[in-house]
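Below: entry06.cif (mmCIF, C-alpha atoms and all ligand atoms)
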data_final
loop_
_atom_site.label_atom_id
_atom_site.label_comp_id
_atom_site.auth_asym_id
_atom_site.auth_seq_id
_atom_site.Cartn_x
_atom_site.Cartn_y
_atom_site.Cartn_z
CA SER A 1 -20.94 -7.20 -5.40
CA THR A 2 -20.34 -5.93 -8.95
CA PRO A 3 -19.20 -2.39 -9.72
CA GLU A 4 -22.66 -1.75 -11.20
CA GLN A 5 -24.37 -2.79 -7.95
CA ASP A 6 -21.88 -0.72 -5.95
CA ILE A 7 -22.51 2.47 -7.88
CA ARG A 8 -26.30 2.00 -7.68
CA SER A 9 -26.12 1.81 -3.90
CA PHE A 10 -24.17 5.10 -3.64
CA LYS A 11 -25.62 7.31 -0.92
CA PHE A 12 -25.05 10.96 -1.81
CA GLU A 13 -23.50 13.24 0.83
CA ARG A 14 -22.29 16.40 -0.85
CA ILE A 15 -20.98 17.96 -4.05
CA LEU A 16 -17.19 18.29 -3.91
CA ASN A 17 -16.79 20.31 -7.06
CA GLN A 18 -18.60 21.26 -10.22
CA ASP A 19 -17.48 22.86 -13.47
CA THR A 20 -20.23 24.11 -15.74
CA GLY A 21 -17.75 24.90 -18.51
CA ARG A 22 -16.16 21.46 -18.61
CA LYS A 23 -19.50 19.86 -17.70
CA THR A 24 -18.18 17.88 -14.79
CA ILE A 25 -19.36 17.15 -11.29
CA ASN A 26 -17.67 15.38 -8.36
CA LEU A 27 -19.89 13.77 -5.75
CA LEU A 28 -18.98 12.44 -2.33
CA GLY A 29 -21.03 9.74 -0.66
CA THR A 30 -20.85 6.25 0.76
CA ILE A 31 -21.27 2.74 -0.55
CA SER A 32 -21.93 0.05 2.05
CA GLY A 33 -20.85 2.54 4.70
CA LEU A 34 -17.47 3.30 3.10
CA PRO A 35 -16.57 6.67 1.53
CA ALA A 36 -16.81 6.82 -2.24
CA ILE A 37 -16.35 9.44 -4.94
CA ILE A 38 -18.26 9.58 -8.20
CA THR A 39 -16.99 11.93 -10.88
CA ALA A 40 -19.08 12.50 -13.98
CA GLU A 41 -18.23 14.26 -17.21
CA LYS A 42 -20.60 14.84 -20.12
CA THR A 43 -19.00 13.45 -23.25
CA ALA A 44 -17.97 15.43 -26.30
CA PHE A 45 -20.33 15.46 -29.27
CA ASN A 46 -20.04 12.47 -31.53
CA SER A 47 -18.43 13.94 -34.63
CA THR A 48 -18.37 10.72 -36.66
CA SER A 49 -21.93 11.20 -37.97
CA PRO A 50 -22.69 14.93 -37.73
CA ALA A 51 -25.17 14.61 -40.60
CA SER A 52 -27.60 12.73 -38.35
CA PHE A 53 -27.48 15.37 -35.62
CA VAL A 54 -30.96 16.61 -36.48
CA SER A 55 -32.42 13.15 -37.05
CA PRO A 56 -35.23 12.36 -34.57
CA GLU A 57 -34.03 8.71 -34.49
CA GLN A 58 -30.22 8.98 -34.38
CA GLY A 59 -29.78 12.59 -33.29
CA LEU A 60 -32.09 15.02 -31.55
CA THR A 61 -34.82 12.72 -30.30
CA SER A 62 -36.90 15.45 -28.72
CA LEU A 63 -36.93 19.20 -29.09
CA ASN A 64 -38.56 22.02 -27.19
CA LEU A 65 -38.50 25.49 -28.73
CA LEU A 66 -37.85 27.90 -25.87
CA GLN A 67 -37.92 31.12 -27.82
CA LYS A 68 -37.51 32.76 -31.17
CA ASN A 69 -36.66 36.34 -32.01
CA ASP A 70 -36.12 37.45 -35.59
CA ILE A 71 -33.52 35.05 -37.03
CA TYR A 72 -32.59 33.65 -33.57
CA HIS A 73 -34.10 30.43 -32.19
CA TRP A 74 -33.20 28.47 -29.10
CA PHE A 75 -34.27 24.94 -28.23
CA MET A 76 -33.66 22.45 -25.50
CA GLY A 77 -33.39 18.81 -26.55
CA THR A 78 -32.30 15.28 -25.90
CA ILE A 79 -29.87 13.21 -27.99
CA ALA A 80 -30.09 9.53 -28.92
CA GLN A 81 -27.35 7.89 -26.92
CA SER A 82 -26.21 4.45 -25.82
CA ALA A 83 -23.75 3.54 -23.12
CA THR A 84 -21.71 1.33 -25.45
CA GLU A 85 -21.57 3.33 -28.68
CA ASN A 86 -22.34 6.95 -28.02
CA ALA A 87 -22.49 7.55 -24.29
CA ALA A 88 -23.91 10.67 -22.71
CA VAL A 89 -21.61 10.68 -19.75
CA LYS A 90 -18.35 9.18 -18.50
CA VAL A 91 -18.62 8.18 -14.87
CA ASN A 92 -15.68 7.32 -12.63
CA MET A 93 -16.07 5.75 -9.21
CA ILE A 94 -13.36 5.56 -6.55
CA TYR A 95 -14.48 3.13 -3.88
CA PRO A 96 -13.43 2.96 -1.18
CA CYS A 97 -11.72 6.34 -1.43
CA THR A 98 -9.23 8.00 0.93
CA GLU A 99 -9.08 11.46 2.48
CA VAL A 100 -6.45 12.34 -0.15
CA HIS A 101 -8.91 11.54 -2.96
CA ILE A 102 -11.59 13.67 -1.31
CA LYS A 103 -9.20 16.62 -1.14
CA LYS A 104 -8.00 16.11 -4.69
CA TYR A 105 -11.56 16.23 -6.08
CA SER A 106 -12.72 19.16 -3.91
CA ALA A 107 -13.04 22.77 -5.08
CA GLN A 108 -10.16 24.75 -3.62
CA GLN A 109 -8.08 27.90 -3.84
CA LEU A 110 -4.82 27.41 -5.76
CA HIS A 111 -1.37 28.67 -4.80
CA MET A 112 1.86 29.08 -6.74
CA VAL A 113 4.85 27.62 -4.88
CA VAL A 114 8.60 27.44 -5.49
CA GLU A 115 10.17 24.18 -4.41
CA THR A 116 13.92 24.68 -3.95
CA PRO A 117 16.36 21.74 -3.84
CA GLU A 118 16.58 22.30 -0.06
CA ILE A 119 12.81 22.09 0.38
CA TYR A 120 12.81 18.95 -1.77
CA ASP A 121 15.49 17.25 0.31
CA LYS A 122 14.10 18.31 3.66
CA TYR A 123 10.37 17.80 3.23
CA ILE A 124 9.17 16.62 -0.18
CA LEU A 125 11.18 13.40 -0.13
CA LYS A 126 9.47 12.45 3.13
CA TYR A 127 6.10 13.22 1.63
CA ILE A 128 6.85 11.12 -1.46
CA LYS A 129 7.89 8.22 0.75
CA GLN A 130 4.55 8.38 2.56
CA LYS A 131 2.73 8.52 -0.76
CA THR A 132 4.36 5.39 -2.14
CA GLU A 133 3.32 3.29 0.85
CA GLY A 134 -0.03 1.85 1.82
CA GLY A 135 -0.99 0.39 -1.54
CA ARG A 136 -1.38 3.72 -3.31
CA LEU A 137 0.53 2.37 -6.30
CA ASN A 138 -1.36 -0.94 -6.46
CA TRP A 139 -3.14 0.06 -9.65
CA VAL A 140 0.24 0.76 -11.26
CA TYR A 141 1.69 -2.61 -10.27
CA ASN A 142 -1.51 -4.31 -11.44
CA ILE A 143 -0.95 -2.82 -14.88
CA LEU A 144 2.77 -3.66 -14.98
CA SER A 145 2.12 -7.29 -13.97
CA HIS A 146 -0.81 -7.67 -16.42
CA LYS A 147 -3.19 -8.33 -13.53
CA GLU A 148 -5.52 -5.54 -14.64
CA GLU A 149 -6.19 -3.72 -17.92
CA SER A 150 -3.89 -6.06 -19.87
CA GLU A 151 -6.39 -6.35 -22.72
CA LYS A 152 -6.11 -2.58 -23.19
CA ILE A 153 -2.35 -2.47 -23.65
CA ILE A 154 -1.47 -0.68 -26.86
CA TYR A 155 2.26 -1.30 -26.75
CA GLU A 156 4.68 -2.87 -24.33
CA ASP A 157 8.43 -2.92 -24.12
CA THR A 158 9.22 -5.51 -21.45
CA ASP A 159 12.83 -4.46 -20.82
CA ASN A 160 13.46 -3.91 -17.10
CA GLU A 161 15.33 -0.68 -17.61
CA MET A 162 14.09 0.79 -20.89
CA GLY A 163 10.64 -0.79 -20.92
CA PHE A 164 7.14 0.57 -20.39
CA ILE A 165 3.47 -0.04 -21.05
CA LEU A 166 1.38 2.30 -23.21
CA LEU A 167 -2.35 2.07 -22.49
CA PRO A 168 -5.51 4.21 -22.28
CA ASP A 169 -5.70 6.50 -19.26
CA LEU A 170 -8.79 6.07 -17.10
CA LYS A 171 -9.77 9.58 -18.18
CA TRP A 172 -10.34 8.45 -21.78
CA ASP A 173 -13.65 7.08 -23.04
CA LEU A 174 -11.71 4.80 -25.48
CA VAL A 175 -13.53 6.04 -28.57
CA THR A 176 -13.47 9.83 -29.00
CA MET A 177 -10.29 10.58 -30.96
CA SER A 178 -10.28 14.29 -30.13
CA THR A 179 -10.14 13.44 -26.41
CA LEU A 180 -7.54 10.67 -26.76
CA TYR A 181 -5.70 10.27 -23.47
CA LEU A 182 -3.05 7.57 -23.01
CA SER A 183 -0.56 6.83 -20.26
CA VAL A 184 2.96 5.50 -20.46
CA ILE A 185 3.86 3.59 -17.31
CA VAL A 186 7.51 2.59 -17.07
CA HIS A 187 8.68 -0.80 -15.84
CA ARG A 188 11.60 0.55 -13.80
CA THR A 189 10.72 1.46 -10.23
CA ASP A 190 13.61 3.82 -9.44
CA ILE A 191 12.06 7.03 -10.84
CA ARG A 192 9.52 8.64 -8.51
CA SER A 193 9.18 11.86 -10.48
CA ILE A 194 11.22 14.03 -12.85
CA ARG A 195 13.23 15.14 -9.79
CA ASP A 196 15.10 11.82 -10.15
CA PHE A 197 16.28 12.51 -13.70
CA THR A 198 19.88 13.28 -14.61
CA PRO A 199 21.54 13.24 -18.05
CA VAL A 200 22.16 9.51 -17.48
CA HIS A 201 18.47 8.99 -18.29
CA LEU A 202 18.61 10.66 -21.71
CA PRO A 203 18.81 7.43 -23.77
CA PHE A 204 15.88 6.04 -21.76
CA LEU A 205 13.64 9.07 -22.34
CA ILE A 206 14.60 9.52 -25.97
CA SER A 207 13.88 5.88 -26.80
CA LEU A 208 10.62 6.02 -24.86
CA ARG A 209 9.51 9.08 -26.84
CA THR A 210 10.32 7.43 -30.18
CA LYS A 211 8.58 4.16 -29.32
CA VAL A 212 5.49 5.90 -27.96
CA LEU A 213 5.13 8.11 -31.04
CA ASN A 214 5.51 5.11 -33.34
CA ALA A 215 3.02 3.01 -31.38
CA VAL A 216 0.42 5.78 -31.27
CA SER A 217 0.72 6.64 -34.94
CA GLU A 218 0.45 2.95 -35.86
CA ARG A 219 -2.64 2.30 -33.74
CA TYR A 220 -4.54 5.54 -34.25
CA THR A 221 -2.92 7.01 -37.37
CA LEU A 222 -2.21 10.16 -35.42
CA SER A 223 0.94 12.06 -36.24
CA ARG A 224 3.26 13.55 -33.70
CA ASN A 225 2.06 17.10 -34.31
CA LEU A 226 -1.39 16.18 -32.95
CA LEU A 227 -0.09 14.91 -29.62
CA LYS A 228 0.83 16.62 -26.39
CA ILE A 229 3.27 14.49 -24.39
CA TYR A 230 3.99 15.69 -20.90
CA VAL A 231 4.66 14.80 -17.28
CA HIS A 232 3.20 16.26 -14.12
CA TYR A 233 5.07 17.93 -11.31
CA GLN A 234 3.83 17.25 -8.72
CA PRO A 235 2.21 14.03 -9.93
CA SER A 236 -0.43 12.23 -7.86
CA TYR A 237 1.40 8.92 -8.14
CA TYR A 238 5.14 8.59 -7.60
CA HIS A 239 5.98 5.95 -10.17
CA PHE A 240 7.25 7.55 -13.35
CA HIS A 241 4.60 7.91 -16.04
CA VAL A 242 3.94 10.13 -19.03
CA HIS A 243 0.67 11.61 -20.32
CA VAL A 244 -0.12 11.40 -24.05
CA VAL A 245 -3.08 13.57 -24.99
CA HIS A 246 -4.73 14.70 -28.22
CA ILE A 247 -3.91 18.33 -28.98
CA SER A 248 -7.63 19.21 -29.29
CA HIS A 249 -8.48 17.93 -25.85
CA ASP A 250 -8.98 20.75 -23.37
CA MET A 251 -7.64 19.18 -20.20
CA GLY A 252 -7.96 22.27 -18.04
CA ALA A 253 -5.42 22.74 -15.24
CA SER A 254 -3.86 19.30 -15.59
CA ALA A 255 -2.32 20.22 -18.96
CA THR A 256 -1.24 23.79 -18.28
CA VAL A 257 1.76 25.60 -16.84
CA GLY A 258 2.18 25.04 -13.14
CA LYS A 259 1.43 21.33 -13.50
CA ALA A 260 2.40 19.94 -16.92
CA ILE A 261 5.94 19.88 -18.35
CA LEU A 262 6.46 18.75 -21.94
CA LEU A 263 8.56 15.61 -22.30
CA ASP A 264 10.48 17.41 -25.05
CA GLU A 265 11.43 20.11 -22.57
CA VAL A 266 12.54 17.57 -19.97
CA ILE A 267 14.77 15.94 -22.59
CA GLN A 268 16.09 19.33 -23.68
CA MET A 269 16.85 20.36 -20.10
CA LEU A 270 18.76 17.12 -19.52
CA GLU A 271 20.71 17.71 -22.73
CA VAL A 272 21.75 21.13 -21.48
CA MET A 273 22.74 19.60 -18.14
CA LYS A 274 24.84 17.09 -20.05
CA ILE A 275 26.67 19.90 -21.80
CA ALA A 276 27.32 21.47 -18.39
CA GLU A 277 29.10 18.27 -17.35
CA SER A 278 32.12 19.28 -19.44
CA THR A 279 32.61 22.15 -16.98
CA GLY A 280 32.62 19.70 -14.08
CA LYS A 281 29.02 20.40 -13.00
CA GLN A 282 26.95 17.26 -12.35
CA LEU A 283 23.39 18.54 -12.57
CA GLY A 284 20.01 16.87 -12.46
CA TYR A 285 16.41 17.87 -11.85
CA LYS A 286 17.21 17.62 -8.13
CA ASP A 287 19.24 20.82 -8.48
CA LEU A 288 16.45 22.99 -9.91
CA ASP A 289 13.89 25.26 -8.36
CA MET A 290 10.52 23.78 -9.36
CA THR A 291 7.65 26.27 -9.57
CA TYR A 292 4.15 24.83 -9.61
CA VAL A 293 0.54 25.17 -8.54
CA LEU A 294 -0.90 23.47 -5.48
CA GLY A 295 -4.49 23.36 -4.30
CA GLU A 296 -5.08 24.51 -0.76
CA GLU A 297 -6.31 21.03 0.17
CA HIS A 298 -3.12 19.37 -1.08
CA ASP A 299 -1.03 17.97 1.78
CA LEU A 300 2.07 19.66 0.42
CA TRP A 301 0.38 23.05 0.76
CA LYS A 302 -1.03 22.31 4.18
CA LYS A 303 2.05 20.65 5.65
CA VAL A 304 4.97 22.31 3.84
CA PHE A 305 4.31 25.46 1.84
CA GLU A 306 1.69 27.12 4.02
CA PRO A 307 3.90 26.78 7.14
CA LEU A 308 6.91 28.05 5.16
CA ALA A 309 4.87 31.02 3.93
CA ASN A 310 3.95 31.73 7.56
CA GLY A 311 7.55 31.41 8.73
CA THR A 312 6.91 28.26 10.75
CA GLU A 313 8.59 24.85 10.53
CA PRO A 314 6.78 22.30 8.33
CA THR A 315 5.48 19.25 10.15
CA ILE A 316 5.71 16.38 7.74
P1 LIG B 1 -0.65 11.86 -12.23
O1 LIG B 1 0.09 12.93 -12.95
O2 LIG B 1 0.13 11.08 -11.20
O3 LIG B 1 -1.89 12.39 -11.48
O4 LIG B 1 -1.20 10.91 -13.33
P2 LIG B 1 -3.21 13.14 -11.88
O5 LIG B 1 -4.28 12.12 -11.59
O6 LIG B 1 -3.20 14.28 -10.93
O7 LIG B 1 -3.12 13.51 -13.32
C1 LIG B 1 -1.77 9.68 -13.08
C2 LIG B 1 -2.57 9.32 -14.30
O8 LIG B 1 -2.99 7.98 -14.19
C3 LIG B 1 -3.83 10.17 -14.42
O9 LIG B 1 -3.94 10.68 -15.73
C4 LIG B 1 -4.95 9.19 -14.08
O10 LIG B 1 -6.14 9.46 -14.79
C5 LIG B 1 -4.36 7.86 -14.48
N1 LIG B 1 -4.86 6.73 -13.69
C6 LIG B 1 -5.10 6.73 -12.35
N2 LIG B 1 -5.53 5.49 -11.99
C7 LIG B 1 -5.88 5.13 -10.63
C8 LIG B 1 -5.58 4.71 -13.11
C9 LIG B 1 -5.94 3.34 -13.35
O11 LIG B 1 -6.33 2.58 -12.47
N3 LIG B 1 -5.85 2.92 -14.65
C10 LIG B 1 -5.42 3.74 -15.67
N4 LIG B 1 -5.37 3.23 -16.89
N5 LIG B 1 -5.05 5.01 -15.45
C11 LIG B 1 -5.14 5.51 -14.19
#
For the structure just supplied, provide its representation as structure tokens.
Amino acid sequence: STPEQDIRSFKFERILNQDTGRKTINLLGTISGLPAIITAEKTAFNSTSPASFVSPEQGLTSLNLLQKNDIYHWFMGTIAQSATENAAVKVNMIYPCTEVHIKKYSAQQLHMVVETPEIYDKYILKYIKQKTEGGRLNWVYNILSHKEESEKIIYEDTDNEMGFILLPDLKWDLVTMSTLYLSVIVHRTDIRSIRDFTPVHLPFLISLRTKVLNAVSERYTLSRNLLKIYVHYQPSYYHFHVHVVHISHDMGASATVGKAILLDEVIQMLEVMKIAESTGKQLGYKDLDMTYVLGEEHDLWKKVFEPLANGTEPTI
């Protein structure tokens, strides 16, 4: 069946999460008996032709005056939209989805945790190993081998060690510049997260940053001061990748402290670690305390940090 047929046969079960401010909703259901998640996000206003906003053909196609009071008027309305040029909504479908996806897209209490090097060695490494098995990185390898999304590639450096692919993230609608969201997926497979970085990786990260900035400014005529370039800790996928997002795009929690770390800061930290080498100290991100936010449904909270907070031994 086609993706269009699949999504039409979605049988709704329950709402996982909803954000009225960001205008998003996450639905859980089934397709052909298998669990599936649909996430929907209302798109930003089309700012390329603001003059036609009030046009009954190209803009507000219908209007209903709810109330007026002195100089104040409020209406409800509909906007002329088309799925290809000016869509009303961006819809993502994960099918079939796993229990981990369901947790990730569910509303949940957040917790601040401190991951020491000891906790990383003892528990997190095991967790990461589990998370790189079972085909979870298939979509990454599909991109790297040009099996999927190859027509979307913006820039590729094919070098085994220094190389990467720059392409639109699945979160981007591909047209709205102010919500531009790209991913950099590296070719090398030896970096699971920033925890693996030491000063040895400085030339790699510095060249990646330069090439990405050049490629983005060439394709979209966007200068460096309009881009946020960062990594996640913890990421969802343990194959090193970098997020490149337009400065105007409000990404919510995924671009704030407790989750996002600027690539510039990673490079700076490694440069400081390199200076420390002259004193005989070989440091890397593995030696740091990492402080970050975890949702209560995240396995790392459930299996590691909640037990530790309760004084019991994690069972991972
Ligand atoms: P992350 O920091 O590991 O996890 O980033 P996050 O999802 O918690 O942010 C992975 C990034 O890859 C996210 O920005 C995803 O939107 C993006 N992504 C995930 N998948 C499954 C795909 C995909 O199939 N194609 C593309 N282009 N991007 C994806």
Discussion item. Could you list, as a list in words, all residues that come within 8 Å of ligand LIG 1 (chain B)? Count only C-alpha atoms and all ligand atoms.
Written reply: Trp139, Val140, Ile143, Glu149, Leu167, Pro168, Asp169, Leu170, Lys171, Tyr181, Leu182, Ser183, Val231, His232, Tyr233, Gln234, Pro235, Ser236, Tyr237, Tyr238, His239, His241, Val242, His243 and Ser254 of chain A
Only C-alpha atoms, please: the residues just picked out, written as a PDB file, in the frame of the given file.
ATOM      1  CA  TRP A 139      -3.140   0.060  -9.650  1.00  0.00           C
ATOM      2  CA  VAL A 140       0.240   0.760 -11.260  1.00  0.00           C
ATOM      3  CA  ILE A 143      -0.950  -2.820 -14.880  1.00  0.00           C
ATOM      4  CA  GLU A 149      -6.190  -3.720 -17.920  1.00  0.00           C
ATOM      5  CA  LEU A 167      -2.350   2.070 -22.490  1.00  0.00           C
ATOM      6  CA  PRO A 168      -5.510   4.210 -22.280  1.00  0.00           C
ATOM      7  CA  ASP A 169      -5.700   6.500 -19.260  1.00  0.00           C
ATOM      8  CA  LEU A 170      -8.790   6.070 -17.100  1.00  0.00           C
ATOM      9  CA  LYS A 171      -9.770   9.580 -18.180  1.00  0.00           C
ATOM     10  CA  TYR A 181      -5.700  10.270 -23.470  1.00  0.00           C
ATOM     11  CA  LEU A 182      -3.050   7.570 -23.010  1.00  0.00           C
ATOM     12  CA  SER A 183      -0.560   6.830 -20.260  1.00  0.00           C
ATOM     13  CA  VAL A 231       4.660  14.800 -17.280  1.00  0.00           C
ATOM     14  CA  HIS A 232       3.200  16.260 -14.120  1.00  0.00           C
ATOM     15  CA  TYR A 233       5.070  17.930 -11.310  1.00  0.00           C
ATOM     16  CA  GLN A 234       3.830  17.250  -8.720  1.00  0.00           C
ATOM     17  CA  PRO A 235       2.210  14.030  -9.930  1.00  0.00           C
ATOM     18  CA  SER A 236      -0.430  12.230  -7.860  1.00  0.00           C
ATOM     19  CA  TYR A 237       1.400   8.920  -8.140  1.00  0.00           C
ATOM     20  CA  TYR A 238       5.140   8.590  -7.600  1.00  0.00           C
ATOM     21  CA  HIS A 239       5.980   5.950 -10.170  1.00  0.00           C
ATOM     22  CA  HIS A 241       4.600   7.910 -16.040  1.00  0.00           C
ATOM     23  CA  VAL A 242       3.940  10.130 -19.030  1.00  0.00           C
ATOM     24  CA  HIS A 243       0.670  11.610 -20.320  1.00  0.00           C
ATOM     25  CA  SER A 254      -3.860  19.300 -15.590  1.00  0.00           C
TER      26      SER A 254
END
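Going from atom CA of Lys129 of chain A over to atom CA of Ile267 of chain A, you cover 25.5 Å.
The gap separating atom CA of Ala276 of chain A from atom CA of Val293 of chain A is 28.8 Å, in Å to one decimal.
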Worksheet item: Interatomic distance between atom CA of Met76 of chain A and atom CA of Met93 of chain A?
Response: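 Distance between the two atoms: 29.2 Å.
In terms of minimum interatomic distance to Phe204 of chain A, A:Leu270 ranks closest within A:Ala83, A:Leu270, A:Leu174, A:Ile7, counting all atoms listed in the file.
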Centre, x/y/z edge lengths, axis-aligned box for segment 161-174 of chain A with 5 Å per side, as AutoDock Vina command-line options:
--center_x 0.8 --center_y 4.4 --center_z -21.3 --size_x 39.0 --size_y 20.4 --size_z 18.4
Item to complete: Write out as an MDAnalysis selection string each polymer residue whose atoms come within 8 Å of segment 43-58 of chain A, counting all atoms listed in the file; drop sequence neighbours fewer than 2 positions from it.
Response: chainID A and resid 41 60:62 79:80 86:90 176
Practice prompt. List the neighbours of segment 109-117 of chain A out to 8 Å using all atoms listed in the file; skip same-chain residues closer than 5 positions along the sequence, and give me the result as number ranges by chain.
Written response: A: 258, 286-296, 305
